[in-house]
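Peer 1: Pasting a structure below so you can have a look.
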Amino acid sequence: MLDPIGFLYSYLFWFHSLFSMACIIVYHFFIPTLKSPEAYFWVGKGMAVILLFYTPKTLYIITNAIAILLRRLKCLPASRIISRTASGIAVLSFLVIFYEITWGRCNYKIEQQQVCIENLPDSFNGFHIVQLTDLHLGSYGEHYPSIAKLVKEVNARRSH
């Protein structure tokens, strides 16, 4: 029989897995019915939170399965190292995902490319084209404080 803490751990482990999978399935059927940016905003936030917890757990389970296998093969020192590594991977992946859905989402990259086109009229010499892609603005609601900074940086490149 499991002790109360072991039972709670087991319950939370399976509840988390089933809840995460149910959310992914509901998301799959729900997303085509969305009509407003606000709905996308909340669904996106919900999925980000689910992935924030589901991904580290999945990585932990996969890595820890190797430790369990090594334990059964009587390779105890290696199994302890892999088990600790599993915890480290889970924590690291949690921190990376957390950073990316909070501060990292506004960490825009500006790249400048020079394009050479044969037979282009001389009137286009020095012509600049700006392309803004993959900003995922619909994912973050109506307030975009980092966009003003991005526009300022892009406009400052006109003089180059």
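To be explicit about the labels: the chains of the structure tokens are called A, B, and onward in the order shown, and within each one the residues are counted from 1, while ligands get numbers from 1 in the order they are shown.
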Env of Ile68 in chain A: 10 Å cut, atoms = only C-alpha atoms, seq-sep filter 4 positions within chain, self excluded. Answer as a list in words.

Peer 2: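 What passes the distance filter is Thr63, Asn64, Arg72, Leu73, Lys74, Cys75, Leu76, Ser79, Arg80, Ile82 and Ser83 of chain A.
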
Peer 1: What would the file look like if the residues just selected were written as a PDB file, in the first residue's frame with N, CA and C atoms?

Peer 2:
ATOM      1  N   THR A  63      13.986  10.701 -19.718  1.00  0.00           N
ATOM      2  CA  THR A  63      15.345  10.575 -19.185  1.00  0.00           C
ATOM      3  C   THR A  63      15.373   9.660 -17.965  1.00  0.00           C
ATOM      4  N   ASN A  64      14.385   9.784 -17.102  1.00  0.00           N
ATOM      5  CA  ASN A  64      14.355   8.962 -15.896  1.00  0.00           C
ATOM      6  C   ASN A  64      14.100   7.492 -16.224  1.00  0.00           C
ATOM      7  N   ARG A  72      17.736  -1.357 -12.824  1.00  0.00           N
ATOM      8  CA  ARG A  72      17.380  -2.774 -12.960  1.00  0.00           C
ATOM      9  C   ARG A  72      18.554  -3.607 -13.458  1.00  0.00           C
ATOM     10  N   LEU A  73      19.453  -2.957 -14.188  1.00  0.00           N
ATOM     11  CA  LEU A  73      20.654  -3.645 -14.663  1.00  0.00           C
ATOM     12  C   LEU A  73      21.787  -3.588 -13.642  1.00  0.00           C
ATOM     13  N   LYS A  74      21.479  -3.082 -12.452  1.00  0.00           N
ATOM     14  CA  LYS A  74      22.424  -2.986 -11.331  1.00  0.00           C
ATOM     15  C   LYS A  74      23.568  -2.012 -11.584  1.00  0.00           C
ATOM     16  N   CYS A  75      23.355  -1.016 -12.404  1.00  0.00           N
ATOM     17  CA  CYS A  75      24.339   0.046 -12.637  1.00  0.00           C
ATOM     18  C   CYS A  75      23.947   1.250 -11.788  1.00  0.00           C
ATOM     19  N   LEU A  76      24.060   1.107 -10.471  1.00  0.00           N
ATOM     20  CA  LEU A  76      23.536   2.110  -9.544  1.00  0.00           C
ATOM     21  C   LEU A  76      24.188   3.484  -9.664  1.00  0.00           C
ATOM     22  N   SER A  79      22.836   5.120 -12.747  1.00  0.00           N
ATOM     23  CA  SER A  79      21.403   5.423 -12.635  1.00  0.00           C
ATOM     24  C   SER A  79      21.175   6.667 -11.780  1.00  0.00           C
ATOM     25  N   ARG A  80      21.982   6.859 -10.738  1.00  0.00           N
ATOM     26  CA  ARG A  80      21.852   8.063  -9.904  1.00  0.00           C
ATOM     27  C   ARG A  80      22.193   9.322 -10.709  1.00  0.00           C
ATOM     28  N   ILE A  82      22.033   9.699 -14.018  1.00  0.00           N
ATOM     29  CA  ILE A  82      20.985   9.929 -15.014  1.00  0.00           C
ATOM     30  C   ILE A  82      19.721  10.460 -14.346  1.00  0.00           C
ATOM     31  N   SER A  83      19.395   9.954 -13.168  1.00  0.00           N
ATOM     32  CA  SER A  83      18.217  10.426 -12.453  1.00  0.00           C
ATOM     33  C   SER A  83      18.351  11.905 -12.097  1.00  0.00           C
TER      34      SER A  83
END

Peer 1: Report as number ranges by chain: the residues of chain A with a DSSP assignment of alpha helix (DSSP H), based on the backbone of this structure.

Peer 2: A: 4-30, 37-72, 76-101, 145-156

Peer 1: For a test of reading the model, state the distance in Å between CA of Leu92 in chain A and CA of Lys109 in chain A, rounded to one decimal.

Peer 2: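 Pair CA of Leu92 in chain A / CA of Lys109 in chain A returns 23.3 Å.
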
Peer 1: Tell me which of A:Thr55, A:Ser87, A:Ser36, A:Gln131 sits closest to Ile110 in chain A, counting only C-alpha atoms.

Peer 2: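 Result for the nearest residue to Ile110 in chain A: A:Gln131.
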
Peer 1: So how many Å separate CA of Glu153 in chain A and CA of Leu135 in chain A, to one decimal?

Peer 2: 15.0 Å

Peer 1: Identify which of the residues A:Phe53, A:Val130, A:Ile97, A:Val43 lies closest to Gln113 in chain A, counting only C-alpha atoms when measuring atom-to-atom distances.

Peer 2: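 Checking each of A:Phe53, A:Val130, A:Ile97, A:Val43 against Gln113 in chain A, counting only C-alpha atoms, the winner is A:Val130.
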
Peer 1: Which residue out of A:Ala67, A:Leu52, A:Ile31, A:Val115 has the minimum interatomic distance to Tyr99 in chain A when only C-alpha atoms are used?

Peer 2: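 That would be A:Leu52, the residue with the smallest distance to Tyr99 in chain A.
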
Peer 1: List as a PyMOL selection string the protein and nucleic acid residues near Tyr54 in chain A, meaning an atom at most 9 Å away when only C-alpha atoms are counted, but skip any in the same chain fewer than 4 places from it.

Peer 2: chain A and resi 16-17+20+49-50+58-59

Peer 1: Please compute the CA of Asn125 in chain A-CA of Arg157 in chain A distance, one decimal, in Å.

Peer 2: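 CA of Arg157 in chain A lies 16.3 Å from CA of Asn125 in chain A.
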